[in-house]
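Text of the file model_23.cif, holding mmCIF, C-alpha atoms:
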data_entry
#
loop_
_atom_site.label_atom_id
_atom_site.label_comp_id
_atom_site.auth_asym_id
_atom_site.auth_seq_id
_atom_site.Cartn_x
_atom_site.Cartn_y
_atom_site.Cartn_z
CA MET O 1 -12.11 17.86 -5.14
CA ASN O 2 -8.82 16.21 -5.88
CA GLY O 3 -10.19 12.96 -7.23
CA PRO O 4 -11.61 12.32 -10.66
CA PRO O 5 -14.91 13.94 -11.71
CA ILE O 6 -17.80 11.52 -12.19
CA GLU O 7 -19.14 11.85 -15.69
CA GLY O 8 -22.92 12.42 -15.85
CA ALA O 9 -23.26 12.77 -12.06
CA PRO O 10 -22.45 16.40 -11.15
CA GLN O 11 -23.83 16.02 -7.61
CA VAL O 12 -21.20 13.36 -6.87
CA THR O 13 -17.75 14.44 -5.73
CA VAL O 14 -14.74 12.22 -5.24
CA GLU O 15 -11.83 12.84 -2.89
CA ARG O 16 -8.64 10.87 -2.94
CA TYR O 17 -6.76 10.35 0.32
CA ASP O 18 -3.50 8.67 1.21
CA ALA O 19 -1.32 8.22 4.32
CA THR O 20 0.03 11.77 3.93
CA ARG O 21 -3.42 13.30 3.57
CA CYS O 22 -6.03 12.08 6.03
CA SER O 23 -9.69 13.00 5.85
CA GLY O 24 -10.56 13.29 9.52
CA ASN O 25 -13.34 10.76 8.93
CA PRO O 26 -12.50 7.54 10.85
CA GLU O 27 -14.30 5.36 8.29
CA ILE O 28 -11.89 6.60 5.62
CA ASP O 29 -8.75 7.06 7.72
CA LYS O 30 -8.78 3.52 9.16
CA ARG O 31 -8.15 2.23 5.62
CA LEU O 32 -5.14 4.48 5.04
CA CYS O 33 -1.90 2.63 5.58
CA GLY O 34 1.30 2.13 3.59
CA GLN O 35 0.90 2.98 -0.08
CA ARG O 36 -2.85 2.54 0.02
CA GLU O 37 -5.05 5.29 -1.42
CA VAL O 38 -8.72 5.67 -0.61
CA TYR O 39 -11.28 7.18 -2.96
CA ALA O 40 -14.20 8.57 -1.01
CA VAL O 41 -17.38 9.48 -2.83
CA PHE O 42 -19.66 12.15 -1.44
CA ILE O 43 -23.21 12.94 -2.46
CA GLU O 44 -24.37 16.33 -1.23
CA GLY O 45 -21.58 16.24 1.33
CA LYS O 46 -22.48 12.80 2.72
CA LEU O 47 -20.03 9.91 2.47
CA ALA O 48 -21.67 7.47 0.05
CA HIS O 49 -18.99 5.04 -1.10
CA ILE O 50 -15.40 4.14 -0.34
CA VAL O 51 -12.95 2.08 -2.36
CA SER O 52 -9.24 1.48 -1.76
CA LEU O 53 -6.54 1.35 -4.41
CA THR O 54 -3.43 -0.58 -3.52
CA ARG O 55 -0.42 -2.44 -4.84
CA GLU O 56 -0.08 -4.32 -1.56
CA ILE O 57 -2.65 -6.96 -2.46
CA LEU O 58 -0.68 -9.70 -4.10
CA LEU O 59 -3.51 -12.02 -5.02
CA PRO O 60 -3.70 -11.31 -8.80
CA GLN O 61 0.08 -11.31 -9.22
CA GLN O 62 0.46 -14.54 -7.25
CA PHE O 63 -1.55 -16.12 -10.04
CA GLY O 64 0.48 -14.62 -12.86
CA PHE O 65 -1.46 -11.40 -13.48
CA ASP O 66 0.40 -8.13 -14.13
CA LYS O 67 2.38 -7.49 -10.94
CA ASN O 68 2.54 -3.71 -11.41
CA ALA O 69 -1.17 -3.07 -11.83
CA PRO O 70 -2.93 -1.62 -8.78
CA VAL O 71 -5.90 -3.42 -7.25
CA MET O 72 -9.24 -1.90 -6.25
CA ASP O 73 -10.28 -3.44 -2.99
CA ASP O 74 -12.47 -3.10 0.04
CA GLY O 75 -15.25 -1.20 -1.72
CA MET O 76 -18.28 -0.33 0.35
CA THR O 77 -21.45 1.66 -0.30
CA MET O 78 -23.01 3.22 2.76
CA PRO O 79 -26.38 1.61 3.59
CA GLU O 80 -28.47 4.66 2.68
CA PHE O 81 -26.91 4.81 -0.79
CA ARG O 82 -27.18 1.12 -1.65
CA GLY O 83 -29.12 0.33 -4.82
CA THR O 84 -28.17 3.64 -6.42
CA ARG O 85 -25.73 2.01 -8.85
CA LEU O 86 -22.91 4.10 -7.50
CA GLN O 87 -20.31 1.34 -7.69
CA PRO O 88 -20.05 1.23 -11.52
CA LEU O 89 -19.65 5.02 -11.70
CA VAL O 90 -16.92 4.97 -9.09
CA ARG O 91 -15.05 1.98 -10.49
CA ARG O 92 -15.03 3.58 -13.94
CA ALA O 93 -13.80 6.88 -12.48
CA VAL O 94 -11.05 5.20 -10.45
CA ALA O 95 -9.82 3.21 -13.47
CA ALA O 96 -9.81 6.40 -15.56
CA ASP O 97 -7.93 8.23 -12.79
CA VAL O 98 -5.26 5.50 -12.56
CA ILE O 99 -4.69 5.76 -16.31
CA ALA O 100 -4.81 9.59 -16.35
CA ARG O 101 -2.23 9.82 -13.54
CA GLY O 102 0.03 7.44 -15.44
CA LEU O 103 0.08 4.89 -12.59
CA HIS O 104 -0.66 2.04 -14.97
CA ASP O 105 -2.72 1.19 -18.04
CA LYS O 106 -5.05 -1.10 -16.13
CA VAL O 107 -6.50 -1.76 -12.71
CA TYR O 108 -7.65 -5.03 -11.14
CA GLY O 109 -10.58 -5.73 -8.90
CA THR O 110 -11.22 -8.96 -7.01
CA VAL O 111 -14.69 -10.20 -6.12
CA ALA O 112 -15.85 -13.31 -4.29
CA PRO O 113 -17.88 -15.68 -6.50
CA HIS O 114 -20.93 -15.37 -4.23
CA ASP O 115 -20.85 -11.55 -4.36
CA ILE O 116 -23.21 -11.15 -7.30
CA PRO O 117 -23.98 -7.39 -6.75
CA SER O 118 -20.27 -6.51 -6.97
CA GLN O 119 -19.87 -8.65 -10.09
CA LYS O 120 -22.79 -6.84 -11.70
CA GLY O 121 -21.32 -3.50 -10.62
CA ASN O 122 -17.95 -4.34 -12.16
CA GLU O 123 -19.55 -5.42 -15.40
CA ARG O 124 -21.68 -2.27 -15.53
CA ALA O 125 -18.46 -0.31 -15.02
CA GLY O 126 -17.11 -1.90 -18.19
CA MET O 127 -14.58 -4.05 -16.35
CA LYS O 128 -13.90 -7.42 -17.92
CA ARG O 129 -13.53 -10.67 -16.09
CA ALA O 130 -9.94 -11.79 -16.44
CA GLY O 131 -10.33 -15.13 -14.70
CA ARG O 132 -11.10 -17.02 -11.55
CA VAL O 133 -8.26 -17.88 -9.21
CA GLN O 134 -8.35 -20.78 -6.79
CA GLY O 135 -5.84 -22.23 -4.39
CA TYR O 136 -4.92 -22.86 -0.77
CA ARG O 137 -2.86 -20.54 1.38
CA VAL O 138 -0.96 -22.69 3.86
CA LEU O 139 1.23 -20.83 6.38
CA GLY O 140 1.30 -17.86 4.00
CA ILE O 141 2.36 -19.93 1.00
CA MET O 142 0.01 -20.25 -1.94
CA MET O 143 -0.44 -23.86 -3.03
CA PHE O 144 -2.39 -25.79 -5.65
CA LYS O 145 -2.86 -22.63 -7.67
CA LYS O 146 -5.38 -22.77 -10.46
CA VAL O 147 -6.50 -20.04 -12.86
CA LEU O 148 -9.82 -20.73 -14.53
CA GLY O 149 -11.14 -18.90 -17.56
CA PRO O 150 -13.44 -15.87 -17.38
CA GLU O 151 -16.52 -18.03 -18.04
CA SER O 152 -15.95 -20.41 -15.15
CA TRP O 153 -18.65 -18.63 -13.15
CA PRO O 154 -21.07 -17.47 -15.83
CA LEU O 155 -23.19 -14.63 -14.52
CA LYS O 156 -25.58 -15.01 -17.47
CA GLN O 157 -26.23 -18.65 -16.56
CA LEU O 158 -26.78 -17.73 -12.91
CA LYS O 159 -29.26 -15.06 -14.02
CA ARG O 160 -31.12 -17.63 -16.12
CA GLU O 161 -31.29 -19.95 -13.13
CA GLY O 162 -32.63 -17.11 -10.98
CA LYS O 163 -29.61 -17.12 -8.65
CA ALA O 164 -28.37 -13.67 -9.68
CA MET Q 1 -10.39 -38.03 23.65
CA LEU Q 2 -9.03 -36.88 20.29
CA GLY Q 3 -12.56 -35.95 19.23
CA THR Q 4 -12.96 -33.75 22.32
CA LEU Q 5 -9.62 -32.07 21.66
CA ILE Q 6 -10.54 -31.38 18.01
CA GLU Q 7 -13.95 -30.07 19.06
CA LYS Q 8 -12.31 -27.76 21.64
CA LEU Q 9 -9.88 -26.46 19.04
CA ARG Q 10 -12.67 -25.99 16.53
CA THR Q 11 -14.82 -23.92 18.86
CA ASN Q 12 -11.94 -22.00 20.41
CA ASP Q 13 -10.69 -18.67 19.01
CA LEU Q 14 -7.12 -19.90 19.16
CA GLY Q 15 -8.15 -22.96 17.21
CA ARG Q 16 -9.81 -20.79 14.58
CA ILE Q 17 -6.70 -18.65 14.24
CA PHE Q 18 -4.56 -21.76 13.98
CA LYS Q 19 -6.88 -23.19 11.35
CA ALA Q 20 -6.84 -19.93 9.40
CA LEU Q 21 -3.05 -19.89 9.48
CA LEU Q 22 -2.81 -23.49 8.51
CA ARG Q 23 -5.09 -23.44 5.54
CA ARG Q 24 -7.16 -20.84 3.82
CA THR Q 25 -9.09 -21.53 0.65
CA ILE Q 26 -8.75 -18.89 -2.03
CA ASP Q 27 -11.50 -18.51 -4.58
CA MET Q 28 -11.83 -15.11 -6.23
CA LEU Q 29 -12.88 -13.64 -9.53
CA VAL Q 30 -10.40 -11.16 -11.00
CA TYR Q 31 -11.73 -8.23 -13.03
CA VAL Q 32 -9.66 -5.85 -15.12
CA GLY Q 33 -10.49 -2.28 -16.07
CA ASP Q 34 -8.52 -0.48 -18.76
#
Spit out the file's structure as structure tokens when you get a sec.
Amino acid sequence: MNGPPIEGAPQVTVERYDATRCSGNPEIDKRLCGQREVYAVFIEGKLAHIVSLTREILLPQQFGFDKNAPVMDDGMTMPEFRGTRLQPLVRRAVAADVIARGLHDKVYGTVAPHDIPSQKGNERAGMKRAGRVQGYRVLGIMMFKKVLGPESWPLKQLKREGKA
Amino acid sequence: MLGTLIEKLRTNDLGRIFKALLRRTIDMLVYVGD
């Protein structure tokens, strides 16, 4: 195991791959390009979850967020492991690994507003909502940029309304 | 005529690519872990 240990889940192992160290698993290796790293989570040897860590996603920094912080992206739990609350464990472990390796003191994650499970996972992982970004990308140029506050899409209110 | 052309573009892959290039709405929540 070269990735971070998962606290309280000894059966879970994490491997970290990058372009210089492929896994041999096409599901993992297809995500490896440029500076991108992929954290692959295994449970009893089976691939259970994948999440990428990259500085190539410019979305947060285009809206004024810290341009040096890496972004967690493209997370996916394999169908047979869905509902096991693996995502919060992994997100927490990846954030801790980024800090422990001295890459940065924080990590970003972006989630679509309609993706309620990922929002819940992030909040269970102890991640805080930094804001909601909106705009139009026209021919690669970001226009009409708007950064709304963290409560612009209140999960608690959605839960009360039975939508989350 | 124009309506037909727009409809063709809308249902055509090339049209979709063109549309995606021309304008893409961004709406994302940003989370931070530290």
Write out as a PDB file with C-alpha atoms, in the frame of the given file each polymer residue whose atoms come within 10 Å of Tyr39 (chain O), counting only C-alpha atoms; drop sequence neighbours fewer than 3 positions from it.
ATOM      1  CA  ASN O   2      -8.820  16.210  -5.880  1.00  0.00           C
ATOM      2  CA  GLY O   3     -10.190  12.960  -7.230  1.00  0.00           C
ATOM      3  CA  PRO O   4     -11.610  12.320 -10.660  1.00  0.00           C
ATOM      4  CA  VAL O  14     -14.740  12.220  -5.240  1.00  0.00           C
ATOM      5  CA  GLU O  15     -11.830  12.840  -2.890  1.00  0.00           C
ATOM      6  CA  ARG O  16      -8.640  10.870  -2.940  1.00  0.00           C
ATOM      7  CA  TYR O  17      -6.760  10.350   0.320  1.00  0.00           C
ATOM      8  CA  ASP O  18      -3.500   8.670   1.210  1.00  0.00           C
ATOM      9  CA  ILE O  28     -11.890   6.600   5.620  1.00  0.00           C
ATOM     10  CA  PHE O  42     -19.660  12.150  -1.440  1.00  0.00           C
ATOM     11  CA  HIS O  49     -18.990   5.040  -1.100  1.00  0.00           C
ATOM     12  CA  ILE O  50     -15.400   4.140  -0.340  1.00  0.00           C
ATOM     13  CA  VAL O  51     -12.950   2.080  -2.360  1.00  0.00           C
ATOM     14  CA  SER O  52      -9.240   1.480  -1.760  1.00  0.00           C
ATOM     15  CA  LEU O  53      -6.540   1.350  -4.410  1.00  0.00           C
ATOM     16  CA  MET O  72      -9.240  -1.900  -6.250  1.00  0.00           C
ATOM     17  CA  GLY O  75     -15.250  -1.200  -1.720  1.00  0.00           C
ATOM     18  CA  VAL O  90     -16.920   4.970  -9.090  1.00  0.00           C
ATOM     19  CA  ARG O  91     -15.050   1.980 -10.490  1.00  0.00           C
ATOM     20  CA  ALA O  93     -13.800   6.880 -12.480  1.00  0.00           C
ATOM     21  CA  VAL O  94     -11.050   5.200 -10.450  1.00  0.00           C
TER      22      VAL O  94
END
How close does each residue of chain O get to chain Q, giving the shortest atom pair and distance in Å to one decimal for every residue with an atom at most 8 Å away, counting only C-alpha atoms, sorted by chain and residue number, as a Markdown table?
| residue | atom | partner | partner_atom | distance |
| --- | --- | --- | --- | --- |
| O:Pro60 | CA | Q:Val30 | CA | 7.1 |
| O:Arg92 | CA | Q:Gly33 | CA | 7.7 |
| O:Ala95 | CA | Q:Gly33 | CA | 6.1 |
| O:Ala96 | CA | Q:Asp34 | CA | 7.7 |
| O:Ile99 | CA | Q:Asp34 | CA | 7.7 |
| O:Asp105 | CA | Q:Asp34 | CA | 6.1 |
| O:Lys106 | CA | Q:Asp34 | CA | 4.4 |
| O:Val107 | CA | Q:Gly33 | CA | 5.2 |
| O:Tyr108 | CA | Q:Val32 | CA | 4.5 |
| O:Gly109 | CA | Q:Tyr31 | CA | 5.0 |
| O:Thr110 | CA | Q:Val30 | CA | 4.6 |
| O:Val111 | CA | Q:Leu29 | CA | 5.2 |
| O:Ala112 | CA | Q:Met28 | CA | 4.8 |
| O:Pro113 | CA | Q:Met28 | CA | 6.1 |
| O:Asn122 | CA | Q:Tyr31 | CA | 7.4 |
| O:Gly126 | CA | Q:Gly33 | CA | 7.0 |
| O:Met127 | CA | Q:Gly33 | CA | 4.5 |
| O:Lys128 | CA | Q:Val32 | CA | 5.3 |
| O:Arg129 | CA | Q:Tyr31 | CA | 4.3 |
| O:Ala130 | CA | Q:Tyr31 | CA | 5.2 |
| O:Gly131 | CA | Q:Val30 | CA | 5.4 |
| O:Arg132 | CA | Q:Leu29 | CA | 4.3 |
| O:Val133 | CA | Q:Met28 | CA | 5.4 |
| O:Gln134 | CA | Q:Asp27 | CA | 4.5 |
| O:Gly135 | CA | Q:Ile26 | CA | 5.0 |
| O:Tyr136 | CA | Q:Thr25 | CA | 4.6 |
| O:Arg137 | CA | Q:Arg24 | CA | 5.0 |
| O:Val138 | CA | Q:Arg23 | CA | 4.5 |
| O:Leu139 | CA | Q:Leu22 | CA | 5.3 |
| O:Gly140 | CA | Q:Leu21 | CA | 7.3 |
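Coordinates place CA of Phe144 (chain O) at a distance of 25.3 Å from CA of Thr54 (chain O).
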**Asked** Between CA of Pro26 (chain O) and CA of Val41 (chain O), what is the distance, to one decimal in Å?
**Response**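 Computing the Euclidean distance for CA of Pro26 (chain O) and CA of Val41 (chain O) yields 14.7 Å.
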**Message:** One decimal, in Å: what's the spacing between CA of Gly121 (chain O) and CA of Ala48 (chain O)?
**Reply:**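 Interatomic distance, CA of Gly121 (chain O) to CA of Ala48 (chain O): 15.3 Å.
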I need every residue sitting at most 12 Å from the point (2.2, -7.1, -10.6) (coordinates as in the file, only C-alpha atoms considered), written as a PDB file with C-alpha atoms, in the frame of the given file.
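result-v4.pdb was written with the following content:
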ATOM      1  CA  THR O  54      -3.430  -0.580  -3.520  1.00  0.00           C
ATOM      2  CA  ARG O  55      -0.420  -2.440  -4.840  1.00  0.00           C
ATOM      3  CA  GLU O  56      -0.080  -4.320  -1.560  1.00  0.00           C
ATOM      4  CA  ILE O  57      -2.650  -6.960  -2.460  1.00  0.00           C
ATOM      5  CA  LEU O  58      -0.680  -9.700  -4.100  1.00  0.00           C
ATOM      6  CA  LEU O  59      -3.510 -12.020  -5.020  1.00  0.00           C
ATOM      7  CA  PRO O  60      -3.700 -11.310  -8.800  1.00  0.00           C
ATOM      8  CA  GLN O  61       0.080 -11.310  -9.220  1.00  0.00           C
ATOM      9  CA  GLN O  62       0.460 -14.540  -7.250  1.00  0.00           C
ATOM     10  CA  PHE O  63      -1.550 -16.120 -10.040  1.00  0.00           C
ATOM     11  CA  GLY O  64       0.480 -14.620 -12.860  1.00  0.00           C
ATOM     12  CA  PHE O  65      -1.460 -11.400 -13.480  1.00  0.00           C
ATOM     13  CA  ASP O  66       0.400  -8.130 -14.130  1.00  0.00           C
ATOM     14  CA  LYS O  67       2.380  -7.490 -10.940  1.00  0.00           C
ATOM     15  CA  ASN O  68       2.540  -3.710 -11.410  1.00  0.00           C
ATOM     16  CA  ALA O  69      -1.170  -3.070 -11.830  1.00  0.00           C
ATOM     17  CA  PRO O  70      -2.930  -1.620  -8.780  1.00  0.00           C
ATOM     18  CA  VAL O  71      -5.900  -3.420  -7.250  1.00  0.00           C
ATOM     19  CA  HIS O 104      -0.660   2.040 -14.970  1.00  0.00           C
ATOM     20  CA  LYS O 106      -5.050  -1.100 -16.130  1.00  0.00           C
ATOM     21  CA  VAL O 107      -6.500  -1.760 -12.710  1.00  0.00           C
ATOM     22  CA  TYR O 108      -7.650  -5.030 -11.140  1.00  0.00           C
TER      23      TYR O 108
END
